[in-house]
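Only one structure is covered here, and it is reproduced in the block below.
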Amino acid sequence: MKYSPGKIEKKWQKFWSLKKVYFSKNFSKKPKKYILVEFPYPSGAGLHTGHLRSYVAADVTSRFLRSKGNEVMFPLGWDAFGLPAENYAIKMGIQPQISTAQNIKNFKKQINSLGLSFDWSREVNTTDPEYYKWTQWLFLQFFKQDLAYEATSLINWCPKDKTGLANEEVVDGKCERCGTLVEKKEMRQWYLRITKYAQKLIDGLESLDWPEPVKLQQENWIGRSEGADIEFEIAGENKRVKVFTTRPDTIFGATYLVLAPEHPLLSQLKSNIRNWDQVSAYIHEAKNKTDLQRSALEKEKTGVELKGVSAINPATKELIPVWIADYVMISYGTGAIMAVPSHDVRDEQFAKRYKLPMRIVVNEKGKLISSGEFDNLDWQEAKKRITQKFGTSKIQYKLRDWVFSRQRYWGEPIPLIHCPDCGIVPVPEKDLPVKLPKVKKYEPTGTGESPLAAIESWVNVKCPKCGGKAKRETNTMPQWAGSSWYYLRYADPKNKKRFADLKSLKYWLPIDIYFGGMEHTTLHLLYSRFWNQFLFDQGLVPVSEPYKRRQPHGIILGEDGEKMSKSRGNVANPDAIIKQYGADTLRMFELFLGPHEQTISWNEKGVVGVYRFLQRSWSLVEENASSKNKDSEKAEFEIHKLIKRVEDAINDMKFNTAVSSFMEFINAVSEESISKETLKKFVVCLAPFAPHVSEEFWKMLGGKGSVTIQKWPVYDKVKLVSQTTEYVIQVNGKFRGNLTIARGSAEEKVKEEALKIDTVTNAIANAKIRKIVFVPDRLINFVV
RNA sequence: GCCGAUGUGGUGGAACUGGUAUACACGAGAGACUUAAAAUCUCUUGCUCGUAAGGGCUUGUGGGUUCGAGUCCCACCAUCGGCACCA
């Protein structure tokens with residue numbers, strides 16, 4: 001018989017599904033492992049080879065851990081609310097409910113054709129009212145704790161998608177989804193107070209087993225800096241300007257102040273400002289610039305002096321000028337700075353351009369000068385004392401509160417009611433979910449109002465508190481809402497009384513390994529940690545950090561080295577490879593491509609190599625299936641080596657080397673006498689990687705039941721150590737020959753044998769041996 | 001500008017705590033089988049000098065530590081990712 005994957009794969013997929021092999025139990029006595037992979041956004045384009053990389057890696061890990069005797073939960077669901085799904089539906093001219101259902105069906109089919117061992121009994125779908133009921137309920141917990149609030153402020157607005165965006169969704173000044181330049185717009189929005197958790201989000205990172213670069217990226221995003229708030233008095237007015245600075249020690253060098261063009265003090269000082277025309281023109285200009293424009297022009301800083309206004313430096317008591325400039329941001333700190341041109345490059349540029357005075361107040365040794373009573377102090381000590389005298393110490397974060405409302409149809413309705421008498425009233429728990437009404441027209445309006453606002457029968461409700469006329473909140477939640485807690489629902493997906501039963505959560509959490517993309521580091525990964533920490537503080541979940549270990553994967557680029565996208569036409573679809581070579585080949589090839597966390601260009605050329613390996617394995621198993629061969633010494637050694645190497649590779653997430661190890665094994669034993677028992681061990685090891693063909697091998701070798709639930713073989717350390725060892729012989733550190741000799745031989749003996757080798761003696765020639773470096777059982781180096 | 005990562009054959013990549021650099025795979029070349037092709041199998045394959053035996057060189061560049069460096073240290077270059085007038 002020949003290896004023909006097409007025939008066997010469907011058969012085994014059906015078998016696994018029927019026997020529910022991969023369903024996991026709550027409260028099993030076995031040790032639990034919760035393996036999670038970021039759930040997909042079921043787009044219309046279908047699954048591509050990039051998705052598969054982490055699915056396959058997570059699947060191998062899950063299968064391995066089951067085989068090691070753990071109760072493994074490995075669930076999947078659908079993150080189906082949000083912009084792309086809605087845009088796709090608009091483009092196709094169908095309801096998002098319908099297109100989403102179609103896409104999910106298609107994704108599921110593709111996923112199943114890969115033989116991934118997901119536990120489908122725990123499937124969740126963020127757009128299912130039974131699911132988003134709890135998303136809404138959780139939102140109300142934030143609301144009740146004053147962590148969800150409404151405010152009108154300047155937010156990021158995508159003119160193409162016609163919705164507000166969170167800070168995290170703006171990349172290079174463009175919309176993360178569609179790439180359109182983001183504008184600033186003054187709008188009423190819902191916010192989640194993530195800034196209240198800024199410090200906890202930093203602190204929590206420490207205990208986590210995450211790659212350092214990922215932790216660092218989150219930390220930088222949160223952006224803690226320690227400094228001080230200092231107030232400067234406006235001369236002749238009973239008004240003050242508060243500035244934030246990280247270098248209060250340089251206050252004696254603060255020769256002017258700069259306010260952001262949006263600073264509220266400006267309108268209050270209007271009558272004092274002699275050049276108001278000029279100032280208001282500058283304010284207007286700054287308002288119309290996008291963030292990108294504002295920072296793109298970084299070479300030339302611009303600003304306008306407020307003529308007729310000056311401030312008093314609290315340290316020097318000098319009168320200093322006040323300027324406005326758009327290099328100062330209203331959204332960071334206090335929106336105003338004290339400029340110290342001699343110790344800050346930006347202030348220096350500005351001061352040089354506008355000929356403003358500069359004064360050096362810290363010398364090269366880090367001691368203060370020209371600073372009155374603080375002279376000769378070390379700058380760090382001065383920082384403390386000056387803060388004490390002139391201001392208050394302050395910790396500032398770059399993190400902004402999370403803009404949590406979207407003016408779009410396809411999201412969870414925010415479960416609040418606006419009552420003219422009672423104010424904002426939460427929808428009572430018994431009335432949840434607030435279902436998304438089915439409508440004909442759901443295109444974004446572009447007016448800043450959600451399309452839901454136009455549906456009067458839905459919008460007009462009775463106030464739950466007073467029974468009077470009231471209106472529903474019409475904004476919806478962002479795509480990130482449903483994904484901020486989905487890992488909790490998997491623990492108890494059918495619960496009707498709670499988002500998940502606490503006992504089940506206690507059993508499963510935290511997640512042992514979380515597979516996902518690098519691109520979510522400052523989005524989903526940060527958001528969901530925030531939700532979890534909040535829920536932990538409320539006593540609703542048992543752990544403060546949900547993800548014990550994070551395993552990021554590098555993205556797979558198209559063959560042209562560019563990001564895979566439909567418009568570029570470089571999307572690699574897995575279906576064709578499955579059809580030609582089978583799922584097992586594709587699975588192993590995805591892993592074989594390269595290190596899991598490394599970005600890589602897709603290149604199909606190597607697929608055939610993996611296929612050949614499976615074919616050769618097939619021949620080997622077939623030849624030995626009915627034989628009574630015993631293991632040769634080499635075969636015995638090789639199988640123990642294989643078990644160890646594969647096990648180590650999975651633990652270290654070096655899947656590419658695991659695949660190599662299998663190939664090396666087959667190459668090494670193909671000419672050897674090999675027993676059925678040894679082949680069975682090989683097959684159990686192979687099963688996590690190539691489960692379909694492994695089931696077939698298992699049967700051929702007379703194994704019972706599914707190979708995917710067999711116990712992982714144990715390697716014997718003793719068998720890995722052979723009686724002899726091969727020495728490396730060096731002369732002056734240069735390789736000159738090998739020597740095979742009994743393990744544990746004495747240095748004298750090795751030296752004697754080594755000096756019998758021609759290449760060694762030639763290299764030494766007539767020189768005198770000055771020193772011998774001897775590493776037992778490994779190496780001998782003659783220094784001459 | 002700041003932070004982080006990476007740099008090894010024609011290509012993807014391997015190398016444990018410093019100890020035979022180039023495992024494994026692709027591609028290429030030669031051969032076997034075949035009427036032929038595909039598939040499969042066998043051999044060769046870092047560069048270089050040499051008919052050969054054998055030698056020299058090689059992990060982005062330049063230094064250093066060491067008996068010995070892809071691996072450790074210093075400086076630089078290139079590429080990728082993140083942040084970005086964040087005071």
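Here's how to read the names in the structure tokens: chain A, B, ... by the order shown, residue numbers from 1 in each chain, ligand numbers from 1 in the order shown.
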
Residues of chain B at most 12 Å from chain A: nearest atom pair and distance in Å, only C-alpha atoms (C1' of nucleotides), as a tab-separated table:
residue	atom	partner	partner_atom	distance
B:G1	C1'	A:Val345	CA	10.3
B:C2	C1'	A:Asn220	CA	10.8
B:C3	C1'	A:Asn220	CA	8.0
B:G4	C1'	A:Pro213	CA	6.1
B:A5	C1'	A:Pro213	CA	8.2
B:U6	C1'	A:Gln598	CA	9.2
B:U11	C1'	A:Lys605	CA	9.6
B:G12	C1'	A:Leu593	CA	6.4
B:G13	C1'	A:Gly594	CA	6.4
B:A14	C1'	A:Thr657	CA	7.6
B:A15	C1'	A:Thr657	CA	11.1
B:C16	C1'	A:Asp648	CA	11.0
B:G19	C1'	A:Leu779	CA	6.7
B:U20	C1'	A:Val728	CA	6.3
B:A21	C1'	A:Phe735	CA	11.6
B:A23	C1'	A:Ser660	CA	8.4
B:C24	C1'	A:Ser660	CA	4.8
B:A25	C1'	A:Gly609	CA	6.0
B:C26	C1'	A:Gly606	CA	5.0
B:G27	C1'	A:Lys605	CA	8.8
B:A39	C1'	A:Arg612	CA	10.8
B:U40	C1'	A:Arg612	CA	9.9
B:C41	C1'	A:Arg616	CA	11.2
B:A53	C1'	A:Thr759	CA	11.9
B:G54	C1'	A:Thr759	CA	9.8
B:G55	C1'	A:Ala763	CA	11.2
B:U66	C1'	A:Gly733	CA	10.4
B:C67	C1'	A:Val783	CA	5.9
B:G68	C1'	A:Gly733	CA	4.6
B:A69	C1'	A:Gly733	CA	10.9
B:C80	C1'	A:Thr599	CA	8.9
B:G81	C1'	A:Met518	CA	9.4
B:G82	C1'	A:Gln217	CA	7.0
B:C83	C1'	A:Trp221	CA	7.6
B:A84	C1'	A:Ser295	CA	8.4
B:C85	C1'	A:Tyr327	CA	4.8
B:C86	C1'	A:Tyr332	CA	6.3
B:A87	C1'	A:Thr245	CA	5.7

**Q.** alpha helix (DSSP H) residues, from DSSP on the backbone, in region 426-589 of chain A, as a ChimeraX atom specification
**A.** /A:456-459,480-483,486-489,502-508,524-537,574-581,583-589

Q | Backbone DSSP call of strand (DSSP E) for region 409-564 of chain A, listed as an NGL selection string | A | :A and (416-419 or 423-426 or 460-462 or 469-472 or 513-517 or 550-553 or 556-557)

Selection file, N, CA, C and O atoms, as an mmCIF file, in the first residue's frame:
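Result file is selection-v5.cif:
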data_model
loop_
_atom_site.group_PDB
_atom_site.id
_atom_site.type_symbol
_atom_site.label_atom_id
_atom_site.label_comp_id
_atom_site.auth_asym_id
_atom_site.auth_seq_id
_atom_site.Cartn_x
_atom_site.Cartn_y
_atom_site.Cartn_z
ATOM 1 N N LEU A 416 -26.966 50.732 28.658
ATOM 2 C CA LEU A 416 -27.305 51.854 29.528
ATOM 3 C C LEU A 416 -28.495 52.595 28.946
ATOM 4 O O LEU A 416 -28.739 52.536 27.739
ATOM 5 N N ILE A 417 -29.214 53.281 29.840
ATOM 6 C CA ILE A 417 -30.385 54.046 29.415
ATOM 7 C C ILE A 417 -30.251 55.476 29.917
ATOM 8 O O ILE A 417 -29.872 55.706 31.068
ATOM 9 N N HIS A 418 -30.497 56.425 29.021
ATOM 10 C CA HIS A 418 -30.422 57.843 29.394
ATOM 11 C C HIS A 418 -31.824 58.324 29.757
ATOM 12 O O HIS A 418 -32.709 58.324 28.907
ATOM 13 N N CYS A 419 -31.977 58.706 31.015
ATOM 14 C CA CYS A 419 -33.286 59.177 31.467
ATOM 15 C C CYS A 419 -33.156 60.667 31.791
ATOM 16 O O CYS A 419 -32.237 61.067 32.490
ATOM 17 N N GLY A 423 -30.906 60.426 34.979
ATOM 18 C CA GLY A 423 -29.535 60.388 34.444
ATOM 19 C C GLY A 423 -29.259 59.072 33.738
ATOM 20 O O GLY A 423 -30.162 58.497 33.115
ATOM 21 N N ILE A 424 -28.043 58.590 33.873
ATOM 22 C CA ILE A 424 -27.676 57.341 33.190
ATOM 23 C C ILE A 424 -27.981 56.153 34.096
ATOM 24 O O ILE A 424 -27.480 56.064 35.214
ATOM 25 N N VAL A 425 -28.836 55.269 33.580
ATOM 26 C CA VAL A 425 -29.306 54.145 34.388
ATOM 27 C C VAL A 425 -28.897 52.841 33.716
ATOM 28 O O VAL A 425 -29.132 52.659 32.512
ATOM 29 N N PRO A 426 -28.251 51.940 34.458
ATOM 30 C CA PRO A 426 -27.892 50.660 33.835
ATOM 31 C C PRO A 426 -29.123 49.806 33.561
ATOM 32 O O PRO A 426 -30.104 49.866 34.313
ATOM 33 N N ASN A 460 -36.311 54.080 22.053
ATOM 34 C CA ASN A 460 -37.220 54.601 23.067
ATOM 35 C C ASN A 460 -37.660 53.508 24.031
ATOM 36 O O ASN A 460 -38.242 52.503 23.634
ATOM 37 N N VAL A 461 -37.324 53.725 25.282
ATOM 38 C CA VAL A 461 -37.674 52.734 26.313
ATOM 39 C C VAL A 461 -38.160 53.471 27.561
ATOM 40 O O VAL A 461 -38.037 54.691 27.670
ATOM 41 N N LYS A 462 -38.665 52.662 28.482
ATOM 42 C CA LYS A 462 -39.035 53.239 29.772
ATOM 43 C C LYS A 462 -37.822 53.212 30.677
ATOM 44 O O LYS A 462 -37.046 52.258 30.659
ATOM 45 N N LYS A 469 -40.226 58.288 30.232
ATOM 46 C CA LYS A 469 -39.666 58.135 28.896
ATOM 47 C C LYS A 469 -38.143 58.279 28.942
ATOM 48 O O LYS A 469 -37.631 59.220 29.544
ATOM 49 N N ALA A 470 -37.474 57.374 28.272
ATOM 50 C CA ALA A 470 -36.009 57.413 28.261
ATOM 51 C C ALA A 470 -35.497 56.849 26.949
ATOM 52 O O ALA A 470 -36.270 56.302 26.148
ATOM 53 N N LYS A 471 -34.201 57.005 26.736
ATOM 54 C CA LYS A 471 -33.594 56.508 25.486
ATOM 55 C C LYS A 471 -32.395 55.622 25.780
ATOM 56 O O LYS A 471 -31.628 55.874 26.705
ATOM 57 N N ARG A 472 -32.258 54.615 24.920
ATOM 58 C CA ARG A 472 -31.091 53.737 25.061
ATOM 59 C C ARG A 472 -29.822 54.430 24.596
ATOM 60 O O ARG A 472 -29.846 55.253 23.692
ATOM 61 N N ILE A 513 -0.347 28.227 28.848
ATOM 62 C CA ILE A 513 0.393 28.819 27.723
ATOM 63 C C ILE A 513 -0.603 29.518 26.801
ATOM 64 O O ILE A 513 -1.628 28.944 26.438
ATOM 65 N N TYR A 514 -0.289 30.735 26.446
ATOM 66 C CA TYR A 514 -1.158 31.490 25.552
ATOM 67 C C TYR A 514 -0.391 31.788 24.267
ATOM 68 O O TYR A 514 0.573 32.532 24.256
ATOM 69 N N PHE A 515 -0.848 31.180 23.181
ATOM 70 C CA PHE A 515 -0.222 31.380 21.881
ATOM 71 C C PHE A 515 -0.894 32.544 21.158
ATOM 72 O O PHE A 515 -2.119 32.631 21.142
ATOM 73 N N GLY A 516 -0.101 33.399 20.568
ATOM 74 C CA GLY A 516 -0.720 34.494 19.824
ATOM 75 C C GLY A 516 0.294 35.379 19.147
ATOM 76 O O GLY A 516 1.498 35.128 19.202
ATOM 77 N N GLY A 517 -0.218 36.414 18.534
ATOM 78 C CA GLY A 517 0.625 37.269 17.700
ATOM 79 C C GLY A 517 1.254 38.415 18.466
ATOM 80 O O GLY A 517 0.717 38.908 19.440
ATOM 81 N N ARG A 550 3.351 33.352 27.897
ATOM 82 C CA ARG A 550 2.926 33.855 26.597
ATOM 83 C C ARG A 550 3.903 33.367 25.550
ATOM 84 O O ARG A 550 5.109 33.506 25.713
ATOM 85 N N GLN A 551 3.362 32.774 24.491
ATOM 86 C CA GLN A 551 4.225 32.297 23.424
ATOM 87 C C GLN A 551 3.868 33.023 22.133
ATOM 88 O O GLN A 551 2.906 32.674 21.463
ATOM 89 N N PRO A 552 4.615 34.062 21.793
ATOM 90 C CA PRO A 552 4.274 34.784 20.570
ATOM 91 C C PRO A 552 4.810 34.072 19.329
ATOM 92 O O PRO A 552 5.768 33.315 19.420
ATOM 93 N N HIS A 553 4.151 34.303 18.206
ATOM 94 C CA HIS A 553 4.661 33.737 16.953
ATOM 95 C C HIS A 553 4.978 34.876 15.996
ATOM 96 O O HIS A 553 4.342 35.921 16.035
ATOM 97 N N ILE A 556 3.725 35.280 9.297
ATOM 98 C CA ILE A 556 4.164 34.710 8.032
ATOM 99 C C ILE A 556 3.838 35.714 6.938
ATOM 100 O O ILE A 556 2.690 36.110 6.762
ATOM 101 N N LEU A 557 4.871 36.150 6.248
ATOM 102 C CA LEU A 557 4.675 37.101 5.158
ATOM 103 C C LEU A 557 4.393 36.334 3.871
ATOM 104 O O LEU A 557 4.604 35.127 3.797
#

Q.
Residues near region 475-479 of chain A, anyone? I mean within 6 Å using only C-alpha atoms (C1' of nucleotides), not counting same-chain ones fewer than 2 positions away, as JSON, numbers by chain.
A. {"A": [81, 82, 404, 405, 406, 407, 411, 412, 413, 414, 450, 473, 481]}

Q.
Just want the 12 Å neighbourhood of Asp575 (chain A), counted on only C-alpha atoms (C1' of nucleotides), with same-chain residues fewer than 4 positions away dropped. Output as a list of chain:residue names.
A.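 After dropping sequence-adjacent residues, the list is A:Gly46, A:Leu47, A:His48, A:Thr49, A:Leu52, A:Asn106, A:Phe107, A:Lys109, A:Gln110, A:Ile111, A:Asn112, A:Ser113, A:Leu114, A:Val571, A:Lys579, A:Gln580, A:Tyr581, A:Gly582, A:Ala583, A:Leu586.
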
How would the residues just picked look written out with N, CA and C atoms as a compact mmCIF listing (two decimals), in the first residue's frame?
# COMPACT_ATOMS: atom_id res chain seq x y z
N GLY A 46 -11.19 33.62 4.59
CA GLY A 46 -10.87 32.26 5.03
C GLY A 46 -9.53 32.22 5.72
N LEU A 47 -9.24 31.04 6.19
CA LEU A 47 -8.02 30.81 6.95
C LEU A 47 -6.81 30.92 6.03
N HIS A 48 -5.75 31.56 6.49
CA HIS A 48 -4.52 31.49 5.68
C HIS A 48 -3.39 30.87 6.47
N THR A 49 -2.30 30.61 5.76
CA THR A 49 -1.22 29.84 6.37
C THR A 49 -0.64 30.54 7.60
N LEU A 52 -2.36 29.41 10.78
CA LEU A 52 -2.10 28.02 11.13
C LEU A 52 -0.88 27.84 11.99
N ASN A 106 -17.18 28.20 7.32
CA ASN A 106 -16.05 27.97 6.44
C ASN A 106 -14.74 27.79 7.22
N PHE A 107 -14.54 28.65 8.20
CA PHE A 107 -13.34 28.56 9.04
C PHE A 107 -13.28 27.21 9.75
N LYS A 109 -14.62 24.44 8.96
CA LYS A 109 -14.34 23.36 8.03
C LYS A 109 -12.84 23.28 7.75
N GLN A 110 -12.27 24.46 7.52
CA GLN A 110 -10.83 24.49 7.24
C GLN A 110 -10.01 24.01 8.44
N ILE A 111 -10.43 24.44 9.61
CA ILE A 111 -9.70 24.06 10.82
C ILE A 111 -9.78 22.56 11.04
N ASN A 112 -10.96 22.02 10.83
CA ASN A 112 -11.12 20.58 11.02
C ASN A 112 -10.33 19.78 10.00
N SER A 113 -10.15 20.35 8.82
CA SER A 113 -9.41 19.61 7.80
C SER A 113 -7.92 19.52 8.14
N LEU A 114 -7.51 20.23 9.20
CA LEU A 114 -6.11 20.15 9.63
C LEU A 114 -5.90 19.18 10.77
N VAL A 571 -1.71 36.01 -0.67
CA VAL A 571 -2.22 35.20 0.43
C VAL A 571 -2.07 33.72 0.08
N LYS A 579 -4.80 19.38 -0.21
CA LYS A 579 -5.30 18.52 -1.29
C LYS A 579 -4.15 17.73 -1.91
N GLN A 580 -3.03 18.38 -2.13
CA GLN A 580 -1.94 17.71 -2.81
C GLN A 580 -1.12 16.80 -1.89
N TYR A 581 -0.82 17.29 -0.67
CA TYR A 581 0.08 16.54 0.20
C TYR A 581 -0.55 16.03 1.49
N GLY A 582 -1.71 16.58 1.85
CA GLY A 582 -2.36 16.15 3.09
C GLY A 582 -2.08 17.10 4.24
N ALA A 583 -2.93 17.00 5.25
CA ALA A 583 -2.85 17.91 6.40
C ALA A 583 -1.59 17.66 7.23
N LEU A 586 1.26 19.51 5.75
CA LEU A 586 1.14 20.95 5.98
C LEU A 586 1.46 21.31 7.43

**Q.** Polymer residues at most 6 Å from region 693-706 of chain A, only C-alpha atoms (C1' of nucleotides), same-chain spacing of 5 or more positions, as JSON, numbers by chain
**A.** {"A": [625, 683, 687]}

Selection export as an mmCIF file, in the first residue's frame, atoms kept: C-alpha atoms:
data_model
loop_
_atom_site.group_PDB
_atom_site.id
_atom_site.type_symbol
_atom_site.label_atom_id
_atom_site.label_comp_id
_atom_site.auth_asym_id
_atom_site.auth_seq_id
_atom_site.Cartn_x
_atom_site.Cartn_y
_atom_site.Cartn_z
ATOM 1 C CA ALA A 625 4.676 -4.227 10.747
ATOM 2 C CA VAL A 683 4.614 6.740 16.382
ATOM 3 C CA ALA A 687 1.281 11.687 16.766
#

Q: Identify which of the residues A:Gly50, A:Pro546, A:Gly93, A:Pro415 lies closest to Gly204 (chain A), counting only C-alpha atoms when measuring atom-to-atom distances.
A: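 Looking at the shortest contact to Gly204 (chain A), the residue is A:Pro546.
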
Q | Given only C-alpha atoms as the counted atoms, nearest of A:Ser267, A:Gln199, A:Thr126, A:Ser43 to Asn103 (chain A) | A |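 Closest to Asn103 (chain A), using only C-alpha atoms: A:Ser43.
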
Q. What gap, in Å, lies between CA of Gln388 (chain A) and CA of Arg400 (chain A)?
A.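 These two atoms are separated by 27.4 Å.
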